[in-house]
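A short write-up of the structure that comes next.
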Amino acid sequence: MKKFLTKYFSLIILLLALFLRLVNLGNSPPSPYWEEVALGYDAYSISMTGADHHGNAWPLTAFESFGDWKPSLYFYLAAPFIKIFGLQVFAVRLPSILAGVAIVWGIAFLARHLYLSFYDRNNSKLKTAQTVYLFALLIASISPWAITLSRGAWESNVATALILWGINLFLVFVGSQKRLFLLLSVLLLGLSTYAYHAARFAAPLVGVVLGLLYLFSRKNKIDFAALLMAGILATVIFLPVFLSLQSSVGQQRIAQTSIFNDVAVIEESNQLRDLYRDHWWGYFISHRYLLFAREICLNFFDHFSWNYLFVSGDNNPRHSIQSVGQFYYLDLLFFLAAVVFFCCRSRRITYFLLALLTVLILPSAFTNVTPHALRSLAAMPIYLLFVIFGSLQIWQWCLENSKKYLFFILSFFYALQFIYFSYQLHFVYPVTQSREWQFGYEEMLLQLRDISANYDKVYITREQGRPAMYYFFYNQIDPSLVQAANEQVSKDQGEFLQFQNVFFIDNVSQIDLEASSVIVSSQKFYEEHFAARDFKVLARTKQDIWLIYEN
């Protein structure tokens with residue numbers, strides 16, 4: 001294929017990837033999740049005042065947010081877009097969308113590089129590596145996992161793009177021996193640790209795998225000076241993150257998600273110890289470390305389960321549309337074809353990809369919820385490389401056996417799966433999973449804005465989660481006012497329970513019945529707590545998600 005045609009088609013596919021991540025963005029996901037609102041408002045705050053909404057000036061490693069201390073990079077990436085487009089959902093999601101396109105491009109770049117480095121081209125009728133590149137671009141651009149998590153403001157999407165391009169630049173360094181590429185690789189891997197919690201463990205492990213690849217490479221003489229420079233740069237970049245992990249805040253975050261705080265495992269260990277106390281080997285089989293190791297292995301292999309990969313995806317509806325897996329059904333055929341080919345003809349690429357897949361999934365295996373599409377997202381490009389190379393093997397077999405029609409039949413069914421996924425994503429998912437995305441906040445707050453000035457106090461119930469942050473976001477409250485109130489108001493894990501005359505409440509006893517008040521509650525909460533009281537309903541949102549009424 002001529003070079004200019006490759007560039008032409010690759011540009012079209014990249015534009016397709018961008019389109020698939022932008023189209024109908026205002027409706028699918030149906031509204032911003034509270035994490036997105038928090039990212040957006042703090043990015044707005046940092047762009048306006050140089051501090052987050054709690055008043056912390058230019059946080060380096062993490063933003064306090066809801067007391068969960070989110071890694072800082074996404075806030076700083078979103079800030080310029082919010083400055084340009086204003087405080088709106090599109091601007092908050094734009095860094096993730098662009099990272100999603102960068103992931104598509106990075107997968108294709110890596111596939112072509114691996115083809116040129118490891119692929120036995122003498123046994124193939126594929127003319128050039130450009131074919132590999134275009135196959136990779138197309139498959140990555142329409143992958144369900146890649147599309148779904150590129151449409152929300154997920155920090156892991158940015159971390160994945162940085163890790164992937166860190167790998168790419170390292171391989172370019174190995175081939176060219178130009179130190180600049182090594183330093184850029186270290187820089188990107190280091191920055192990924194400022195983007196997402198799981199990357200703080202995955203990126204150093206990727207660095208170890210890449211380092212071993214270089215040390216055992218037979219093609220080039222080892223440049224120890226370059227490795228020393230890379231080590232110094234990695235230390236400088238990662239040191240603030242490492243120190244933050246040792247702090248009480250960092251340890252608290254780890255404790256919230258770590259499997260080592262699973263009481264059930266400790267209780268099982270104690271029961272086994274009592275049961276086998278009379279046997280010398282009882283101490284070993286009942287040791288909690290052995291049981292934790294078992295759980296880690298089970299969690300790791302959860303990420304290869306049939307339901308997760310091909311049927312319904314992540315159990316969390318915000319991470320998957322539930323009606324389609326992380327991959328299409330036909331991807332399994334391509335994946336198996338790649339495994340057979342790699343094991344039979346190219347063990348070097350097999351070892352390299354399996355090592356990367358292992359270290360990128362491993363951090364999520366140490367957590368208490370698996371399989372987890374966000375925490376293991378950095379492994380998604382490696383999964384897709386197997387799919388890409390498997391599809392190439394089937395295409396090659398069809399060429400060699402004059403059975404092109406079989407590949408076109410497979411392509412037809414692959415396209416049908418993509419159409420079905422797109423239909424579910426844009427027309428079914430926004431309706432069935434709207435509550436998971438706190439749908440209704442925007443409409444409720446716009447209606448409330450028109451009438452709240454007529455009342456002394458405003459009460460918003462908290463049962464749908466984080467109303468204070470939605471109030472700041474949709475009313476575009478001046479961050480300096482929020483910062484000024486930070487030390488005076490009561491909070492729940494960093495979340496404001498009051499701002500000026502607005503109160504964010506959990507039950508009816510917190511309402512001042514003597515004051516002129518407007519109260520906002522969900523339909524269910526109203527029926528359970530307020531229906532017996534003489535409150536007049538003033539307005540309803542769509543699907544009666546929120547009711548606005550007066551005391």
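Letters for chains follow the order of the structure tokens (A, B, ...), residue numbers begin at 1 for each chain, and ligand numbers begin at 1 in the order shown.
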Counting only C-alpha atoms, what is within 10 Å of A:Gly152, bar same-chain residues fewer than 2 positions away, as a PDB file with C-alpha atoms, in the first residue's frame?
ATOM      1  CA  ARG A  21     -16.104   9.381  21.375  1.00  0.00           C
ATOM      2  CA  LEU A  25     -21.906  12.941  24.332  1.00  0.00           C
ATOM      3  CA  SER A  28     -24.604   9.017  26.746  1.00  0.00           C
ATOM      4  CA  PRO A  29     -23.506   9.033  29.514  1.00  0.00           C
ATOM      5  CA  SER A  31     -25.285  13.144  32.944  1.00  0.00           C
ATOM      6  CA  PRO A  32     -21.987  13.702  34.751  1.00  0.00           C
ATOM      7  CA  TYR A  33     -21.165  11.352  37.594  1.00  0.00           C
ATOM      8  CA  GLU A  35     -16.479  12.292  40.215  1.00  0.00           C
ATOM      9  CA  GLU A  36     -16.692  14.209  36.941  1.00  0.00           C
ATOM     10  CA  VAL A  89     -19.495  18.704  30.997  1.00  0.00           C
ATOM     11  CA  PHE A  90     -17.941  18.679  27.518  1.00  0.00           C
ATOM     12  CA  VAL A  92     -14.465  18.245  31.707  1.00  0.00           C
ATOM     13  CA  ARG A  93     -14.610  15.138  29.513  1.00  0.00           C
ATOM     14  CA  LEU A  94     -12.436  16.480  26.696  1.00  0.00           C
ATOM     15  CA  PRO A  95      -9.045  15.364  28.164  1.00  0.00           C
ATOM     16  CA  SER A  96     -10.373  11.810  28.426  1.00  0.00           C
ATOM     17  CA  ILE A  97     -11.757  11.919  24.876  1.00  0.00           C
ATOM     18  CA  ILE A 147     -15.104   3.738  23.460  1.00  0.00           C
ATOM     19  CA  THR A 148     -17.109   3.465  26.679  1.00  0.00           C
ATOM     20  CA  LEU A 149     -14.398   4.705  29.026  1.00  0.00           C
ATOM     21  CA  SER A 150     -13.272   7.460  26.647  1.00  0.00           C
ATOM     22  CA  TRP A 154     -12.006   8.968  33.723  1.00  0.00           C
ATOM     23  CA  GLU A 155      -8.484   9.652  34.983  1.00  0.00           C
ATOM     24  CA  ASN A 157      -7.977   6.873  30.449  1.00  0.00           C
ATOM     25  CA  ARG A 318     -20.705   3.331  34.926  1.00  0.00           C
ATOM     26  CA  HIS A 319     -17.796   1.244  33.605  1.00  0.00           C
TER      27      HIS A 319
END
Strand (DSSP E) per DSSP on the backbone: members of stretch 9-237 of chain A, as a PDB file with C-alpha atoms, in the first residue's frame:
ATOM      1  CA  ALA A  62      -3.485  14.945  44.727  1.00  0.00           C
ATOM      2  CA  PHE A  63      -6.577  17.121  45.212  1.00  0.00           C
ATOM      3  CA  LYS A  70      -7.721  12.298  43.640  1.00  0.00           C
ATOM      4  CA  PRO A  71      -4.445  12.314  41.631  1.00  0.00           C
TER       5      PRO A  71
END
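Within the 10 Å cut-off around A:Trp69, using only C-alpha atoms and omitting residues fewer than 4 positions from it on the same chain, the listed residues are A:Thr61, A:Ala62, A:Phe63, A:Glu64, A:Ser65, A:His197, A:Val249, A:Gly250, A:Gln252, A:Arg253, A:Gly494.
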Inset, instruction - Write out as a ChimeraX atom specification which residues come within 8 Å of stretch 351-360 of chain A when counting only C-alpha atoms, dropping same-chain ones fewer than 4 positions away. - result: /A:202,205-206,209,213,347,376,378-379,382-383
Selected residues written out, C-alpha atoms, as a compact mmCIF listing (two decimals), in the first residue's frame:
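Result file follows (part.txt):
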# COMPACT_ATOMS: atom_id res chain seq x y z
CA ALA A 202 1.54 -0.33 37.38
CA LEU A 205 6.29 -2.42 37.12
CA VAL A 206 6.10 -1.57 33.41
CA VAL A 209 9.63 -5.06 32.32
CA LEU A 213 13.75 -6.20 27.80
CA ARG A 347 7.91 -16.62 21.64
CA SER A 376 -7.17 -2.59 34.67
CA ALA A 378 -4.04 0.10 31.08
CA ALA A 379 -4.08 -3.60 30.13
CA ILE A 382 -2.39 -5.43 25.34
CA TYR A 383 -5.63 -7.40 25.09
Inset, instruction - Write out as number ranges by chain which residues come within 12 Å of A:Val263 when counting only C-alpha atoms, dropping same-chain ones fewer than 6 positions away. - result: A: 269-270, 288, 291-292, 368
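Note that the spacing between atom CA of A:Tyr76 and atom CA of A:Ser141 amounts to 26.2 Å.
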Legend entry - Which of stretch 140-342 of chain A DSSP labels helix (DSSP H, G or I), written as a count of residues only: 148
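With only C-alpha atoms as the atoms that count, the minimum distance from A:Gln510 to the choices A:Val458, A:Phe75, A:Phe473, A:Ala99 is reached by A:Val458.
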Contacts of A:Ala199 at 12 Å or less, counting only C-alpha atoms, minus same-chain residues fewer than 2 places along, as an mmCIF file with N, CA and C atoms, in the first residue's frame?
data_model
loop_
_atom_site.group_PDB
_atom_site.id
_atom_site.type_symbol
_atom_site.label_atom_id
_atom_site.label_comp_id
_atom_site.auth_asym_id
_atom_site.auth_seq_id
_atom_site.Cartn_x
_atom_site.Cartn_y
_atom_site.Cartn_z
ATOM 1 N N PRO A 71 -5.699 11.904 42.284
ATOM 2 C CA PRO A 71 -4.445 12.314 41.631
ATOM 3 C C PRO A 71 -4.645 13.589 40.816
ATOM 4 N N GLU A 155 -9.931 9.407 34.891
ATOM 5 C CA GLU A 155 -8.484 9.652 34.983
ATOM 6 C C GLU A 155 -7.678 8.475 34.451
ATOM 7 N N SER A 156 -8.212 7.258 34.585
ATOM 8 C CA SER A 156 -7.484 6.074 34.136
ATOM 9 C C SER A 156 -7.276 6.088 32.630
ATOM 10 N N ASN A 157 -8.145 6.778 31.894
ATOM 11 C CA ASN A 157 -7.977 6.873 30.449
ATOM 12 C C ASN A 157 -6.719 7.665 30.110
ATOM 13 N N VAL A 158 -6.487 8.754 30.831
ATOM 14 C CA VAL A 158 -5.267 9.544 30.640
ATOM 15 C C VAL A 158 -4.045 8.728 31.044
ATOM 16 N N ALA A 159 -4.129 8.035 32.184
ATOM 17 C CA ALA A 159 -3.004 7.215 32.633
ATOM 18 C C ALA A 159 -2.667 6.135 31.612
ATOM 19 N N THR A 160 -3.695 5.523 31.023
ATOM 20 C CA THR A 160 -3.473 4.477 30.022
ATOM 21 C C THR A 160 -2.757 5.023 28.800
ATOM 22 N N ALA A 161 -3.176 6.193 28.330
ATOM 23 C CA ALA A 161 -2.522 6.809 27.174
ATOM 24 C C ALA A 161 -1.050 7.096 27.480
ATOM 25 N N LEU A 162 -0.771 7.601 28.666
ATOM 26 C CA LEU A 162 0.614 7.919 29.034
ATOM 27 C C LEU A 162 1.466 6.656 29.139
ATOM 28 N N ILE A 163 0.923 5.606 29.754
ATOM 29 C CA ILE A 163 1.682 4.355 29.872
ATOM 30 C C ILE A 163 1.939 3.750 28.497
ATOM 31 N N LEU A 164 0.912 3.737 27.651
ATOM 32 C CA LEU A 164 1.054 3.159 26.317
ATOM 33 C C LEU A 164 2.114 3.884 25.502
ATOM 34 N N LEU A 188 6.713 10.137 30.533
ATOM 35 C CA LEU A 188 5.315 9.762 30.382
ATOM 36 C C LEU A 188 4.891 8.726 31.413
ATOM 37 N N LEU A 189 5.739 7.742 31.647
ATOM 38 C CA LEU A 189 5.418 6.748 32.677
ATOM 39 C C LEU A 189 5.318 7.416 34.042
ATOM 40 N N GLY A 190 6.206 8.353 34.307
ATOM 41 C CA GLY A 190 6.158 9.065 35.585
ATOM 42 C C GLY A 190 4.904 9.915 35.716
ATOM 43 N N LEU A 191 4.527 10.610 34.643
ATOM 44 C CA LEU A 191 3.324 11.445 34.688
ATOM 45 C C LEU A 191 2.063 10.608 34.905
ATOM 46 N N SER A 192 2.065 9.374 34.414
ATOM 47 C CA SER A 192 0.882 8.526 34.598
ATOM 48 C C SER A 192 0.586 8.284 36.074
ATOM 49 N N THR A 193 1.609 8.337 36.923
ATOM 50 C CA THR A 193 1.393 8.126 38.362
ATOM 51 C C THR A 193 0.713 9.325 39.007
ATOM 52 N N TYR A 194 0.675 10.453 38.300
ATOM 53 C CA TYR A 194 -0.047 11.633 38.775
ATOM 54 C C TYR A 194 -1.472 11.676 38.217
ATOM 55 N N ALA A 195 -1.820 10.663 37.406
ATOM 56 C CA ALA A 195 -3.130 10.660 36.760
ATOM 57 C C ALA A 195 -4.115 9.706 37.413
ATOM 58 N N TYR A 196 -3.629 8.555 37.924
ATOM 59 C CA TYR A 196 -4.559 7.553 38.433
ATOM 60 C C TYR A 196 -3.855 6.701 39.475
ATOM 61 N N HIS A 197 -4.620 6.289 40.502
ATOM 62 C CA HIS A 197 -4.039 5.551 41.617
ATOM 63 C C HIS A 197 -3.376 4.251 41.166
ATOM 64 N N PHE A 201 1.287 2.025 40.838
ATOM 65 C CA PHE A 201 1.892 0.708 41.028
ATOM 66 C C PHE A 201 2.212 0.059 39.686
ATOM 67 N N ALA A 202 1.353 0.307 38.686
ATOM 68 C CA ALA A 202 1.544 -0.331 37.380
ATOM 69 C C ALA A 202 2.731 0.264 36.624
ATOM 70 N N ALA A 203 2.871 1.592 36.628
ATOM 71 C CA ALA A 203 3.924 2.231 35.834
ATOM 72 C C ALA A 203 5.328 1.789 36.255
ATOM 73 N N PRO A 204 5.656 1.747 37.562
ATOM 74 C CA PRO A 204 6.984 1.237 37.931
ATOM 75 C C PRO A 204 7.204 -0.208 37.494
ATOM 76 N N LEU A 205 6.152 -1.037 37.562
ATOM 77 C CA LEU A 205 6.293 -2.424 37.121
ATOM 78 C C LEU A 205 6.531 -2.500 35.615
ATOM 79 N N VAL A 206 5.847 -1.641 34.857
ATOM 80 C CA VAL A 206 6.103 -1.573 33.415
ATOM 81 C C VAL A 206 7.546 -1.162 33.163
ATOM 82 N N GLY A 207 8.041 -0.207 33.947
ATOM 83 C CA GLY A 207 9.432 0.212 33.818
ATOM 84 C C GLY A 207 10.399 -0.939 34.031
ATOM 85 N N PHE A 238 8.934 10.467 40.477
ATOM 86 C CA PHE A 238 8.113 9.584 41.306
ATOM 87 C C PHE A 238 8.233 9.872 42.796
ATOM 88 N N VAL A 241 5.213 11.380 44.605
ATOM 89 C CA VAL A 241 4.123 10.402 44.688
ATOM 90 C C VAL A 241 4.423 9.368 45.758
ATOM 91 N N VAL A 359 1.625 -7.292 34.587
ATOM 92 C CA VAL A 359 1.922 -6.173 35.490
ATOM 93 C C VAL A 359 0.864 -5.081 35.413
ATOM 94 N N LEU A 360 0.142 -4.999 34.286
ATOM 95 C CA LEU A 360 -0.893 -3.978 34.165
ATOM 96 C C LEU A 360 -2.207 -4.396 34.816
ATOM 97 N N ILE A 361 -2.438 -5.698 34.949
ATOM 98 C CA ILE A 361 -3.624 -6.185 35.655
ATOM 99 C C ILE A 361 -3.355 -6.322 37.149
ATOM 100 N N LEU A 362 -2.115 -6.618 37.506
ATOM 101 C CA LEU A 362 -1.769 -6.965 38.885
ATOM 102 C C LEU A 362 -2.229 -5.955 39.935
ATOM 103 N N PRO A 363 -2.057 -4.642 39.719
ATOM 104 C CA PRO A 363 -2.503 -3.703 40.764
ATOM 105 C C PRO A 363 -3.976 -3.841 41.109
ATOM 106 N N SER A 364 -4.830 -4.103 40.115
ATOM 107 C CA SER A 364 -6.249 -4.252 40.407
ATOM 108 C C SER A 364 -6.536 -5.562 41.132
ATOM 109 N N LEU A 374 -11.848 -0.016 35.144
ATOM 110 C CA LEU A 374 -11.051 1.207 35.271
ATOM 111 C C LEU A 374 -9.638 0.908 35.743
ATOM 112 N N ARG A 375 -9.527 0.125 36.814
ATOM 113 C CA ARG A 375 -8.208 -0.139 37.392
ATOM 114 C C ARG A 375 -7.326 -0.981 36.474
ATOM 115 N N SER A 376 -7.944 -1.769 35.602
ATOM 116 C CA SER A 376 -7.167 -2.595 34.673
ATOM 117 C C SER A 376 -7.191 -2.034 33.258
ATOM 118 N N LEU A 377 -7.642 -0.799 33.087
ATOM 119 C CA LEU A 377 -7.772 -0.213 31.749
ATOM 120 C C LEU A 377 -6.442 -0.165 31.012
ATOM 121 N N ALA A 378 -5.353 0.030 31.732
ATOM 122 C CA ALA A 378 -4.042 0.104 31.080
ATOM 123 C C ALA A 378 -3.675 -1.201 30.384
ATOM 124 N N ALA A 379 -4.327 -2.313 30.783
ATOM 125 C CA ALA A 379 -4.082 -3.599 30.132
ATOM 126 C C ALA A 379 -4.882 -3.749 28.842
#
